[in-house]
Each structure stands twice: as structure tokens, then as C-alpha cells.
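Here is the structure we will look at.
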Amino acid sequence: MAEIKLITTDADITLTFSLMKQLRPHLAENDYLTLIRRLQHNHGYQLAAIIENGQARSAAGYRITESLAWGKYLYVDDLITDADSRTNGYAKLLMDWLEAEAAKNDCLQLHLDSGVQRHDAHRFYLNKKMNITGYHFQKNI
């Protein structure tokens, strides 16, 4: 049975690289561990994953934070299931775990952004009773 593991060791962080690269193709393997450690130290980033048979099948990077607009909330920065492992229930298992993690930490809400091209992901989020509540605007500097 697949179980979710909070990823804390260098070896486990490194194990999630090939999976996370599917979501974030710009990532470089030689910088990945340092980047994750910096995000953890500076921004409270946490990494959780389903590791099965020595491979990361699904992973989520998230932060618990607070704002005037939303109060205390869990923000999902990264959420990915391996392309060859989809339809096995990993995403549901991980999303349920994230919701429980938010509740355990007294968060009022769970938030995530998703690229407009990720239609399969959007169907999944809507099935999980998430609402589309706004647009996210970006400008490169």
C-alpha cells in the first residue's frame, strides 16, 4: 500500500528530482538539493511524497503561511504524479493528506495555482471540491 512520507533527508529529496522535473522542466539536477534546502530554510517549504519500490510516484511541495486576505492557510507550490503512475489514486491520496495536514495545523484554507494548460489537473481539483476563485497575474522582471 502506498504511504505518504514527509521528505527530510538529502537522499529522499534527491529521489524526488526526476518526478519534480516533470512539473518544473527548468530545474537542474545539480542545483535541486540546494534549492529545496534553501526553500525549507527561508520559506518553510515542506516536501511530501509517495515513495513506492524506491521511486517517487507523487509529490507535493507546500508551505503553511498566513495573510490578511486568507488568514492561516496551506499553499501547495508543487503537486505532481509521475506520468506513468497516473490513474493509480496517488494524487487523491496526496491531496487528502494535504487537506488533513492543513486541518492539523489549524489552517482555514488550502490554496494552489495551476497553469491554464493543465486540464486534467483542473478536472481533478474540481472533483476534490476545490473552487476557482481568481486569476493569478504575473510579470517577469
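Each chain in the C-alpha cells gets a letter, A, B, ..., in the order shown, and its residues are numbered from 1; ligands are numbered from 1 in order too.
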Could you build a table of the residues in range 28-103 of chain A lying no more than 12 Å from range 3-19 of chain A, giving for each the nearest pair of atoms and their separation in Å rounded to one decimal place, using only C-alpha atoms, ordered by chain and ascending residue number, as CSV?
```
residue,atom,partner,partner_atom,distance
A:Ala28,CA,A:Phe17,CA,8.9
A:Glu29,CA,A:Phe17,CA,6.8
A:Asn30,CA,A:Thr14,CA,9.7
A:Asp31,CA,A:Phe17,CA,10.2
A:Tyr32,CA,A:Phe17,CA,7.0
A:Leu33,CA,A:Thr14,CA,6.3
A:Thr34,CA,A:Asp10,CA,9.5
A:Leu35,CA,A:Ile13,CA,10.4
A:Ile36,CA,A:Ile13,CA,7.7
A:Arg37,CA,A:Asp10,CA,8.9
A:Gln40,CA,A:Thr8,CA,9.8
A:Tyr45,CA,A:Ile7,CA,10.8
A:Gln46,CA,A:Ile7,CA,7.6
A:Leu47,CA,A:Ile7,CA,5.4
A:Ala48,CA,A:Leu6,CA,4.4
A:Ala49,CA,A:Lys5,CA,5.4
A:Ile50,CA,A:Ile4,CA,4.7
A:Ile51,CA,A:Ile4,CA,7.2
A:Glu52,CA,A:Glu3,CA,8.0
A:Asn53,CA,A:Glu3,CA,11.4
A:Gly54,CA,A:Leu15,CA,8.2
A:Gln55,CA,A:Leu15,CA,7.0
A:Ala56,CA,A:Thr16,CA,5.6
A:Arg57,CA,A:Leu19,CA,7.3
A:Ser58,CA,A:Leu19,CA,7.3
A:Ala59,CA,A:Thr16,CA,7.4
A:Ala60,CA,A:Leu6,CA,9.6
A:Gly61,CA,A:Ile7,CA,9.7
A:Tyr62,CA,A:Leu6,CA,11.0
A:Asp78,CA,A:Leu19,CA,10.8
A:Leu79,CA,A:Leu19,CA,10.0
A:Ile80,CA,A:Leu19,CA,7.2
A:Thr81,CA,A:Leu19,CA,7.4
A:Asp82,CA,A:Leu19,CA,5.9
A:Ala83,CA,A:Leu19,CA,8.6
A:Asp84,CA,A:Leu19,CA,10.4
A:Ser85,CA,A:Leu19,CA,10.6
A:Gly89,CA,A:Glu3,CA,11.5
A:Tyr90,CA,A:Glu3,CA,9.2
A:Ala91,CA,A:Ile4,CA,10.8
A:Lys92,CA,A:Ile4,CA,11.4
A:Leu93,CA,A:Ile4,CA,8.0
A:Leu94,CA,A:Ile4,CA,7.0
A:Met95,CA,A:Ile4,CA,10.5
A:Asp96,CA,A:Ile4,CA,10.5
A:Trp97,CA,A:Ile4,CA,7.7
A:Leu98,CA,A:Ile4,CA,10.1
A:Glu101,CA,A:Leu6,CA,11.1
```
Picked from chain A by DSSP as alpha helix (DSSP H), as a VMD selection string: chain A and resid 10 to 15 17 to 23 29 to 43 90 to 104 119 to 127
DSSP-assigned strand (DSSP E or B) members of range 56-126 of chain A, reported as a PyMOL selection string: chain A and resi 56-67+71-81+109-112
Residue nearest His43 in chain A among A:Asp77, A:His26, A:Lys21, A:Asn88 (counting only C-alpha atoms): A:Asp77
